[in-house]
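Novice: Dumping the structure here so I can ask a few things about it.
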Amino acid sequence: MIVDDNAAVRRIIRHAVSEIAMEVVECADGEEVLPLYEKHHPDLVLMDIGMPKVDGITATTHLKSRFPQAKVFMLTGIDDESVRSLALESGACGYALKRNLTQLDEMILRALEDQRPGCS
């Protein structure tokens with residue numbers, strides 16, 4: 001699942017994961033995450049942080065409280081250590097910057113191979 005408020009970024013991420021993803025579900029805001037996760041149960045959620053209605057950290061906190069097994073990977077443009085810490089505290093498995101999507105497949109595969117339920 002790709003969660004990002006920018007449609008162009010979602011397209012870029014979809015293209016970047018097209019070699020390893022059998023199915024991709026997209027949504028444009030954190031408020032859409034719970035119903036879509038419940039419907040599709042994706043293997044991994046690629047979550048942006050800065051979204052207009054419900055930010056990625058709040059969405060991750062809600063998702064993990066309802067679905068502790070959910071694997072969330074923050075994929076954002078925010079390069080800030082305090083935000084990174086908040087994201088990981090919310091239950092995210094990892095944190096990567098959008099400016100470096102060249103290794104996205106590798107990061108996703110590592111997150112999926114992590115045997116800890118929900119990466120936490």
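Numbering starts fresh at 1 for the residues of each chain in the structure tokens, the chains themselves are lettered A, B, ... in the order given, and ligands are numbered from 1 as they appear.
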Which residues of region 38-85 of chain A sit at most 10 Å from region 92-106 of chain A, using only C-alpha atoms? Give each one's shortest atom pair and distance in Å (one decimal place), in chain and ascending residue order, as a tab-separated table.

Specialist:
residue	atom	partner	partner_atom	distance
A:Leu44	CA	A:Cys93	CA	9.7
A:Val45	CA	A:Ala92	CA	9.3
A:Leu46	CA	A:Tyr95	CA	9.5
A:Met47	CA	A:Ala92	CA	9.0
A:Asp48	CA	A:Lys98	CA	9.1
A:Gly56	CA	A:Ala92	CA	9.8
A:Ile57	CA	A:Ala92	CA	8.5
A:Thr60	CA	A:Ala92	CA	7.0
A:Thr61	CA	A:Ala92	CA	8.7
A:Lys64	CA	A:Ala92	CA	8.7
A:Ala70	CA	A:Ala92	CA	9.0
A:Lys71	CA	A:Cys93	CA	6.3
A:Val72	CA	A:Ala92	CA	4.8
A:Phe73	CA	A:Gly94	CA	4.9
A:Met74	CA	A:Tyr95	CA	4.6
A:Leu75	CA	A:Ala96	CA	5.0
A:Thr76	CA	A:Leu97	CA	5.0
A:Gly77	CA	A:Leu97	CA	5.3
A:Ile78	CA	A:Leu97	CA	7.0
A:Asp79	CA	A:Leu97	CA	6.9
A:Val83	CA	A:Tyr95	CA	9.9
A:Arg84	CA	A:Tyr95	CA	6.7
A:Ser85	CA	A:Tyr95	CA	9.4

Novice: So that I can check the secondary structure, give me every residue of chain A assigned strand (DSSP E or B) by backbone DSSP, as a list in words.

Specialist: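 Going through chain A, the strand (DSSP E or B) residues come out as Ile2, Val3, Glu26, Cys27, Val45, Leu46, Met47, Val72, Phe73, Met74, Leu75, Thr76, Gly94, Tyr95, Ala96 and Leu97 of chain A.
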
Novice: Could the residues in this selection be saved with N, CA and C atoms as a PDB file, in the first residue's frame?

Specialist:
ATOM      1  N   ILE A   2       0.576   2.180  -0.872  1.00  0.00           N
ATOM      2  CA  ILE A   2       1.296   3.451  -0.941  1.00  0.00           C
ATOM      3  C   ILE A   2       0.363   4.526  -0.404  1.00  0.00           C
ATOM      4  N   VAL A   3       0.830   5.266   0.609  1.00  0.00           N
ATOM      5  CA  VAL A   3       0.038   6.335   1.209  1.00  0.00           C
ATOM      6  C   VAL A   3       0.816   7.633   1.041  1.00  0.00           C
ATOM      7  N   GLU A  26      -3.351   2.208  -3.425  1.00  0.00           N
ATOM      8  CA  GLU A  26      -2.913   3.577  -3.131  1.00  0.00           C
ATOM      9  C   GLU A  26      -3.995   4.331  -2.392  1.00  0.00           C
ATOM     10  N   CYS A  27      -3.549   5.247  -1.538  1.00  0.00           N
ATOM     11  CA  CYS A  27      -4.469   6.218  -0.951  1.00  0.00           C
ATOM     12  C   CYS A  27      -3.735   7.529  -0.748  1.00  0.00           C
ATOM     13  N   VAL A  45       3.111  -1.279   4.113  1.00  0.00           N
ATOM     14  CA  VAL A  45       2.545   0.045   3.885  1.00  0.00           C
ATOM     15  C   VAL A  45       3.707   1.022   3.759  1.00  0.00           C
ATOM     16  N   LEU A  46       3.789   1.715   2.621  1.00  0.00           N
ATOM     17  CA  LEU A  46       4.769   2.779   2.425  1.00  0.00           C
ATOM     18  C   LEU A  46       4.064   4.090   2.730  1.00  0.00           C
ATOM     19  N   MET A  47       4.434   4.704   3.842  1.00  0.00           N
ATOM     20  CA  MET A  47       3.676   5.823   4.402  1.00  0.00           C
ATOM     21  C   MET A  47       4.466   7.130   4.336  1.00  0.00           C
ATOM     22  N   VAL A  72       4.794  -1.134   8.513  1.00  0.00           N
ATOM     23  CA  VAL A  72       4.758   0.215   7.952  1.00  0.00           C
ATOM     24  C   VAL A  72       6.184   0.705   7.772  1.00  0.00           C
ATOM     25  N   PHE A  73       6.450   1.226   6.600  1.00  0.00           N
ATOM     26  CA  PHE A  73       7.758   1.786   6.285  1.00  0.00           C
ATOM     27  C   PHE A  73       7.533   3.237   5.893  1.00  0.00           C
ATOM     28  N   MET A  74       8.130   4.151   6.633  1.00  0.00           N
ATOM     29  CA  MET A  74       7.982   5.576   6.322  1.00  0.00           C
ATOM     30  C   MET A  74       8.846   5.924   5.119  1.00  0.00           C
ATOM     31  N   LEU A  75       8.247   6.550   4.149  1.00  0.00           N
ATOM     32  CA  LEU A  75       8.928   6.997   2.944  1.00  0.00           C
ATOM     33  C   LEU A  75       8.561   8.462   2.778  1.00  0.00           C
ATOM     34  N   THR A  76       9.493   9.349   3.123  1.00  0.00           N
ATOM     35  CA  THR A  76       9.166  10.755   3.273  1.00  0.00           C
ATOM     36  C   THR A  76      10.280  11.658   2.770  1.00  0.00           C
ATOM     37  N   GLY A  94      10.774   1.056   9.435  1.00  0.00           N
ATOM     38  CA  GLY A  94      11.930   1.739   8.890  1.00  0.00           C
ATOM     39  C   GLY A  94      11.553   3.115   8.383  1.00  0.00           C
ATOM     40  N   TYR A  95      12.565   3.824   7.916  1.00  0.00           N
ATOM     41  CA  TYR A  95      12.405   5.217   7.522  1.00  0.00           C
ATOM     42  C   TYR A  95      13.377   5.490   6.386  1.00  0.00           C
ATOM     43  N   ALA A  96      12.870   5.973   5.273  1.00  0.00           N
ATOM     44  CA  ALA A  96      13.738   6.297   4.140  1.00  0.00           C
ATOM     45  C   ALA A  96      13.277   7.604   3.513  1.00  0.00           C
ATOM     46  N   LEU A  97      14.210   8.254   2.852  1.00  0.00           N
ATOM     47  CA  LEU A  97      13.911   9.519   2.192  1.00  0.00           C
ATOM     48  C   LEU A  97      13.530   9.285   0.733  1.00  0.00           C
TER      49      LEU A  97
END

Novice: Show me, as a PyMOL selection string, the residues that have an atom within 9 Å of Ala28 (chain A) when counting only C-alpha atoms, minus same-chain residues fewer than 2 positions from it.

Specialist: chain A and resi 2-7+10+26+30-33+51

Novice: When DSSP works through the backbone of this structure, what residues of chain A end up as helix (DSSP H, G or I), shown as JSON, numbers by chain?

Specialist: {"A": [7, 8, 9, 10, 11, 12, 13, 14, 15, 16, 17, 30, 31, 32, 33, 34, 35, 36, 37, 38, 39, 40, 56, 57, 58, 59, 60, 61, 62, 63, 64, 65, 66, 81, 82, 83, 84, 85, 86, 87, 88, 89, 98, 99, 100, 101, 102, 103, 104, 105, 106, 107, 108, 109, 110, 111, 112, 113, 117, 118, 119]}

Novice: Filtering to C-alpha atoms, could you give me those residues as a short mmCIF file (atom, residue, chain, number, x, y, z; two decimals), in the first residue's frame?

Specialist:
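This is the output file result07.cif:
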data_model
loop_
_atom_site.label_atom_id
_atom_site.label_comp_id
_atom_site.auth_asym_id
_atom_site.auth_seq_id
_atom_site.Cartn_x
_atom_site.Cartn_y
_atom_site.Cartn_z
CA ALA A 7 -0.36 11.56 -7.00
CA ALA A 8 2.88 12.03 -8.97
CA VAL A 9 4.92 10.64 -6.06
CA ARG A 10 2.56 7.67 -5.78
CA ARG A 11 3.11 6.96 -9.49
CA ILE A 12 6.91 7.14 -9.04
CA ILE A 13 6.80 4.80 -6.04
CA ARG A 14 4.44 2.41 -7.85
CA HIS A 15 6.86 2.30 -10.76
CA ALA A 16 9.83 1.81 -8.39
CA VAL A 17 8.21 -1.23 -6.76
CA GLY A 30 -3.73 8.91 6.42
CA GLU A 31 -7.46 8.98 7.07
CA GLU A 32 -7.94 6.36 4.32
CA VAL A 33 -5.39 3.89 5.71
CA LEU A 34 -7.52 1.89 8.17
CA PRO A 35 -10.39 0.99 5.83
CA LEU A 36 -8.04 0.15 2.95
CA TYR A 37 -5.75 -1.90 5.17
CA GLU A 38 -8.73 -3.78 6.58
CA LYS A 39 -9.99 -4.52 3.05
CA HIS A 40 -6.66 -5.50 1.43
CA GLY A 56 1.67 9.52 8.57
CA ILE A 57 2.79 9.25 12.19
CA THR A 58 -0.79 9.51 13.48
CA ALA A 59 -2.02 7.11 10.79
CA THR A 60 0.72 4.62 11.71
CA THR A 61 -0.15 4.84 15.41
CA HIS A 62 -3.83 4.14 14.65
CA LEU A 63 -3.02 1.37 12.18
CA LYS A 64 -0.65 -0.38 14.59
CA SER A 65 -3.14 -0.16 17.46
CA ARG A 66 -5.79 -1.87 15.33
CA GLU A 81 16.17 12.95 13.45
CA SER A 82 13.35 13.88 15.86
CA VAL A 83 10.72 13.10 13.21
CA ARG A 84 12.51 9.82 12.44
CA SER A 85 12.36 8.92 16.14
CA LEU A 86 8.64 9.75 16.33
CA ALA A 87 7.98 7.63 13.25
CA LEU A 88 9.78 4.63 14.70
CA GLU A 89 8.05 5.12 18.07
CA LYS A 98 12.09 9.90 -1.11
CA ARG A 99 15.15 11.48 -2.68
CA ASN A 100 16.83 8.06 -2.63
CA LEU A 101 14.39 5.65 -4.26
CA THR A 102 17.13 3.75 -6.08
CA GLN A 103 17.36 1.24 -3.24
CA LEU A 104 13.64 1.07 -2.47
CA ASP A 105 13.24 -2.54 -3.67
CA GLU A 106 16.06 -3.64 -1.37
CA MET A 107 14.60 -1.76 1.62
CA ILE A 108 11.16 -3.25 1.01
CA LEU A 109 12.50 -6.78 0.71
CA ARG A 110 14.42 -6.37 3.99
CA ALA A 111 11.28 -5.11 5.74
CA LEU A 112 9.24 -8.01 4.39
CA GLU A 113 11.88 -10.54 5.44
CA PRO A 117 5.39 -9.35 13.74
CA GLY A 118 4.77 -5.82 12.56
CA CYS A 119 8.52 -5.13 12.79
#

Novice: Between CA of Ile49 (chain A) and CA of Met1 (chain A), what distance in Å does the model show, to one decimal?

Specialist: 14.3 Å
